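Undergrad: Mind having a look at this structure? Questions to follow.
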Amino acid sequence: LAEGALQCAQPMEDPWLRHLDWHVAQPRMTKGRRGKDGEYVRGGEPRPYARQRYTGKLAGKPQWYCDLWDAESGDIRVTVRSRVAPYLLRLTWLGHPLYHSRAHGWTFRVPAAEYAEHPGRYSGMTRVESSSSSLQDEGCDANVAGDTQGVYFKVPHADGAQANCGSPLAKSYQAAVDNGTLASAYPTARDAMRLNAMCAYWVSARTRVMSQFVVWDAGDVRAAEDPVTQAPLRLGGPSAVILPQVVPMGTVTRRGVEPTWMTAANASRGRVGSELKAMVRAPPGVKFVGADVDAEELWLAALLGDAQLRGHGASALGWMTLQGTKALGSDLHSRSAGILGITRSAAKVFNYGRIYGAGLSHAVALLRRFNPGMPQEDARAKAEALYRATKGRRARASDGSAFWHGGAESFMFNTLERIATASDPRTPALSAGITGALQQRVAGSRHMTSRVNWAVQSSGVDYLHLLLVAMRYLARTYMIDLRFALSVHDEVRYL
């Protein structure tokens, strides 16, 4: 693609290539030596300095091409992370060419006539004035200044209107690729973005994996068999164990913190490196045995609401958690998906965010992230319908205290807020306290999202502690030869 771009006869007329730096850098030359007659003496003619970029294969090439040069390989090097990649791939957002601004990140240009005819199509998107000096980059991007024929909008970002899109080829934009919002003139672009998304996990995890605390054992060599391939193995010469560097109670909610194993995703065919946990094998004669709690925090949150009615499953949320099924569309995620008009898997993000205290504005931004073409007004209407059906409406009692009513989760939120705003917040199960910095006497009405989140997640830690103690008791009682290996929030693993 880069070589093909060099062959463009009128690059400044191309909506993508015109943003590249087409300035041809001249090689640095020696000063030269002249005689008394003013002519260069023999061997004194100016000549290029040795070991400089703009000679040989780069002679006469534009600056953007020279910037891609890799001296080690003796050729240009372009990856999906290169700044020029979206230009070479001729990427479009909603059918309009992309442009990068240093101040606003990646933007897309809509013809002024089209914007005047369909302004509602771009409502809620962050508009950038093309006459703004912040939209210009030095040199090659001066042609954007004063572009009266186009209107520029920022490519939407998951963190909201203030955040800039650093790369449209990032993993977070894969959904936009799948639904056609982000497209390219070249079929290879979809493959490039798919491969980039596949490798994104390993790119971020590789350093952590390679820096694990490993203890090698060069003891007796024992014959064994690989549990996956059944190939013969010789263990002990050498074998090794990994000691996870866990920080117990490393957060406000008392959850453990560990950068690799506690964040490792489940194995997925489309994610390189996600098979990480499967690479850890138990030694001969021993097995890994593990279990996790299905939707633990959703169940615990529902249980807190049910407690007001003194019956498990007595509230609407409690019933959906216990009796609702995916097949009948009667569980919480299916109901939320139906209200929002999105997939069930996407609805999970909304539900857990709401339980952890996320507000209406977060739901609106999230909905437009899943559907960038949705107008702001429609997204807000759907989000309000979801919150009315789940969280309910806010009202005040005769004593002036606020409470929620009329929603499937109203009982739960009343309990969570009562715990969070107590003078000495404690978890219902083990009576664990919150940090003094978030208590009512210090925080007042601030940081409610973190305090509500604490009530749910810290209860999850209580459940983990109860489970670990129960397992230890059962092992002693029934003489089970086991050893605790690792816990990952709602999951335990034993050897």
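How things are named: the first chain in the structure tokens is A, the next is B, and so on; residues count from 1 in each chain; ligands count from 1 in the order shown.
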Compile the contact shell of Val155 (chain A) as number ranges by chain: residues with an atom at most 9 Å away, counting only C-alpha atoms, same-chain residues fewer than 3 positions apart removed.

TA: A: 93, 98, 105-108, 125-126, 164-165, 168

Undergrad: Please provide as a list in words all residues within 10 Å of Arg206 (chain A), with the sequence filter that same-chain residues fewer than 4 positions apart are discarded (counting only C-alpha atoms).

TA: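 What passes the distance filter is Tyr201, Trp202, Met210, Ser211, Thr260 and Gly273 of chain A.
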
Undergrad: I want to know what sits within 7 Å of region 238-244 of chain A, based on only C-alpha atoms, with residues of the same chain fewer than 4 positions away left out; could you give that as a list in words?

TA: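 Here the answer would be Gln212, Phe213, Val214, Val215, Trp216, Asp217 and Ala218 of chain A.
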
Undergrad: Assign secondary structure with DSSP using the backbone only, and return the residues of region 90-299 of chain A in strand (DSSP E or B) as a PyMOL selection string.

TA: chain A and resi 91-93+96-101+105-111+127-128+150-154+165+182-184+214-217+222-225+232-235+239-242+247+257+289-292

Undergrad: For the residues in that selection, give me N, CA and C atoms as a short mmCIF file (atom, residue, chain, number, x, y, z; two decimals), in the first residue's frame.

TA:
data_model
loop_
_atom_site.label_atom_id
_atom_site.label_comp_id
_atom_site.auth_asym_id
_atom_site.auth_seq_id
_atom_site.Cartn_x
_atom_site.Cartn_y
_atom_site.Cartn_z
N LEU A 91 -9.20 4.39 5.41
CA LEU A 91 -10.29 4.09 6.33
C LEU A 91 -11.35 5.18 6.31
N THR A 92 -12.58 4.76 6.55
CA THR A 92 -13.71 5.69 6.61
C THR A 92 -14.53 5.41 7.86
N TRP A 93 -15.14 6.45 8.41
CA TRP A 93 -16.08 6.32 9.53
C TRP A 93 -17.44 6.82 9.03
N HIS A 96 -17.02 8.29 5.61
CA HIS A 96 -16.28 9.53 5.40
C HIS A 96 -14.81 9.32 5.77
N PRO A 97 -13.88 9.90 5.01
CA PRO A 97 -12.45 9.67 5.22
C PRO A 97 -11.97 10.20 6.57
N LEU A 98 -11.00 9.49 7.13
CA LEU A 98 -10.43 9.87 8.42
C LEU A 98 -9.30 10.87 8.25
N TYR A 99 -9.09 11.67 9.31
CA TYR A 99 -7.99 12.63 9.35
C TYR A 99 -7.51 12.72 10.79
N HIS A 100 -6.19 12.78 10.98
CA HIS A 100 -5.63 12.85 12.33
C HIS A 100 -5.20 14.26 12.70
N SER A 101 -5.63 14.68 13.87
CA SER A 101 -5.24 15.97 14.43
C SER A 101 -4.48 15.73 15.72
N GLY A 105 -7.05 13.98 18.04
CA GLY A 105 -6.96 12.58 17.64
C GLY A 105 -7.56 12.36 16.26
N TRP A 106 -8.07 11.15 16.03
CA TRP A 106 -8.64 10.84 14.71
C TRP A 106 -10.04 11.42 14.57
N THR A 107 -10.25 12.09 13.46
CA THR A 107 -11.54 12.71 13.14
C THR A 107 -11.99 12.21 11.76
N PHE A 108 -13.21 12.53 11.39
CA PHE A 108 -13.66 12.21 10.03
C PHE A 108 -14.34 13.44 9.43
N ARG A 109 -14.20 13.59 8.13
CA ARG A 109 -14.67 14.78 7.43
C ARG A 109 -15.98 14.48 6.70
N VAL A 110 -17.01 15.28 7.01
CA VAL A 110 -18.31 15.15 6.35
C VAL A 110 -18.48 16.36 5.42
N PRO A 111 -18.82 16.16 4.15
CA PRO A 111 -19.07 17.30 3.27
C PRO A 111 -20.12 18.24 3.87
N ARG A 127 -18.16 17.84 17.40
CA ARG A 127 -17.75 18.55 16.19
C ARG A 127 -16.49 19.38 16.48
N VAL A 128 -15.58 19.42 15.49
CA VAL A 128 -14.36 20.22 15.59
C VAL A 128 -14.36 21.22 14.46
N GLY A 150 -16.06 21.27 4.29
CA GLY A 150 -16.17 20.07 5.10
C GLY A 150 -16.42 20.39 6.57
N VAL A 151 -17.03 19.44 7.26
CA VAL A 151 -17.27 19.54 8.70
C VAL A 151 -16.59 18.35 9.35
N TYR A 152 -15.83 18.59 10.41
CA TYR A 152 -15.04 17.54 11.05
C TYR A 152 -15.65 17.14 12.38
N PHE A 153 -15.69 15.81 12.62
CA PHE A 153 -16.18 15.25 13.87
C PHE A 153 -15.13 14.28 14.42
N LYS A 154 -15.04 14.22 15.75
CA LYS A 154 -14.12 13.29 16.37
C LYS A 154 -14.67 11.86 16.25
N CYS A 165 -9.52 9.58 20.01
CA CYS A 165 -9.25 8.27 19.41
C CYS A 165 -7.78 8.23 19.01
N LEU A 182 -16.82 1.43 10.68
CA LEU A 182 -15.43 1.66 10.29
C LEU A 182 -15.12 0.72 9.14
N ALA A 183 -14.77 1.28 7.99
CA ALA A 183 -14.56 0.45 6.80
C ALA A 183 -13.33 0.93 6.04
N SER A 184 -12.99 0.19 4.99
CA SER A 184 -11.81 0.51 4.19
C SER A 184 -12.09 0.21 2.73
N VAL A 214 9.60 -17.48 38.84
CA VAL A 214 9.68 -18.91 38.54
C VAL A 214 10.72 -19.57 39.45
N VAL A 215 10.35 -20.72 40.02
CA VAL A 215 11.27 -21.51 40.83
C VAL A 215 11.49 -22.84 40.12
N TRP A 216 12.74 -23.08 39.74
CA TRP A 216 13.07 -24.29 38.99
C TRP A 216 13.43 -25.43 39.94
N ASP A 217 13.07 -26.65 39.54
CA ASP A 217 13.35 -27.83 40.35
C ASP A 217 14.13 -28.81 39.49
N ARG A 222 11.46 -37.86 36.48
CA ARG A 222 10.38 -38.83 36.50
C ARG A 222 9.70 -38.90 35.14
N ALA A 223 9.32 -40.07 34.74
CA ALA A 223 8.60 -40.23 33.48
C ALA A 223 7.16 -39.79 33.68
N ALA A 224 6.61 -39.11 32.69
CA ALA A 224 5.24 -38.63 32.78
C ALA A 224 4.67 -38.52 31.37
N GLU A 225 3.39 -38.16 31.31
CA GLU A 225 2.70 -38.03 30.04
C GLU A 225 2.00 -36.69 29.99
N PRO A 232 5.20 -38.35 25.69
CA PRO A 232 6.01 -38.64 26.89
C PRO A 232 6.79 -37.42 27.33
N LEU A 233 6.84 -37.22 28.63
CA LEU A 233 7.58 -36.10 29.22
C LEU A 233 8.55 -36.64 30.25
N ARG A 234 9.60 -35.87 30.50
CA ARG A 234 10.52 -36.19 31.58
C ARG A 234 10.55 -34.99 32.52
N LEU A 235 9.89 -35.14 33.65
CA LEU A 235 9.76 -34.04 34.59
C LEU A 235 10.85 -34.11 35.65
N SER A 239 11.78 -29.10 35.95
CA SER A 239 10.41 -28.61 35.96
C SER A 239 10.40 -27.35 36.83
N ALA A 240 9.29 -26.65 36.85
CA ALA A 240 9.27 -25.38 37.57
C ALA A 240 7.87 -25.08 38.08
N VAL A 241 7.82 -24.22 39.07
CA VAL A 241 6.54 -23.70 39.57
C VAL A 241 6.59 -22.18 39.47
N ILE A 242 5.41 -21.60 39.26
CA ILE A 242 5.29 -20.14 39.21
C ILE A 242 4.63 -19.69 40.51
N VAL A 247 -1.12 -9.46 45.79
CA VAL A 247 -1.25 -8.51 46.90
C VAL A 247 -2.62 -8.74 47.52
N VAL A 257 -4.94 -8.34 44.27
CA VAL A 257 -4.43 -7.71 43.06
C VAL A 257 -3.23 -8.50 42.55
N VAL A 289 -8.23 -28.73 40.57
CA VAL A 289 -9.68 -28.75 40.73
C VAL A 289 -10.12 -27.34 41.07
N GLY A 290 -11.05 -26.82 40.29
CA GLY A 290 -11.49 -25.44 40.51
C GLY A 290 -12.97 -25.28 40.28
N ALA A 291 -13.50 -24.19 40.78
CA ALA A 291 -14.92 -23.87 40.57
C ALA A 291 -15.08 -22.36 40.72
N ASP A 292 -16.07 -21.84 40.05
CA ASP A 292 -16.38 -20.42 40.22
C ASP A 292 -17.88 -20.28 40.49
#

Undergrad: For a test of reading the model, state the distance in Å between CA of Met471 (chain A) and CA of Arg483 (chain A), rounded to one decimal.

TA: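 Spanning CA of Met471 (chain A) to CA of Arg483 (chain A) is a straight-line distance of 10.2 Å.
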
Undergrad: Which is closest to Val84 (chain A) among A:Arg418, A:Arg18, A:Arg493, A:Arg208, if we use only C-alpha atoms?

TA: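 Distance minimum relative to Val84 (chain A) lands on A:Arg18.
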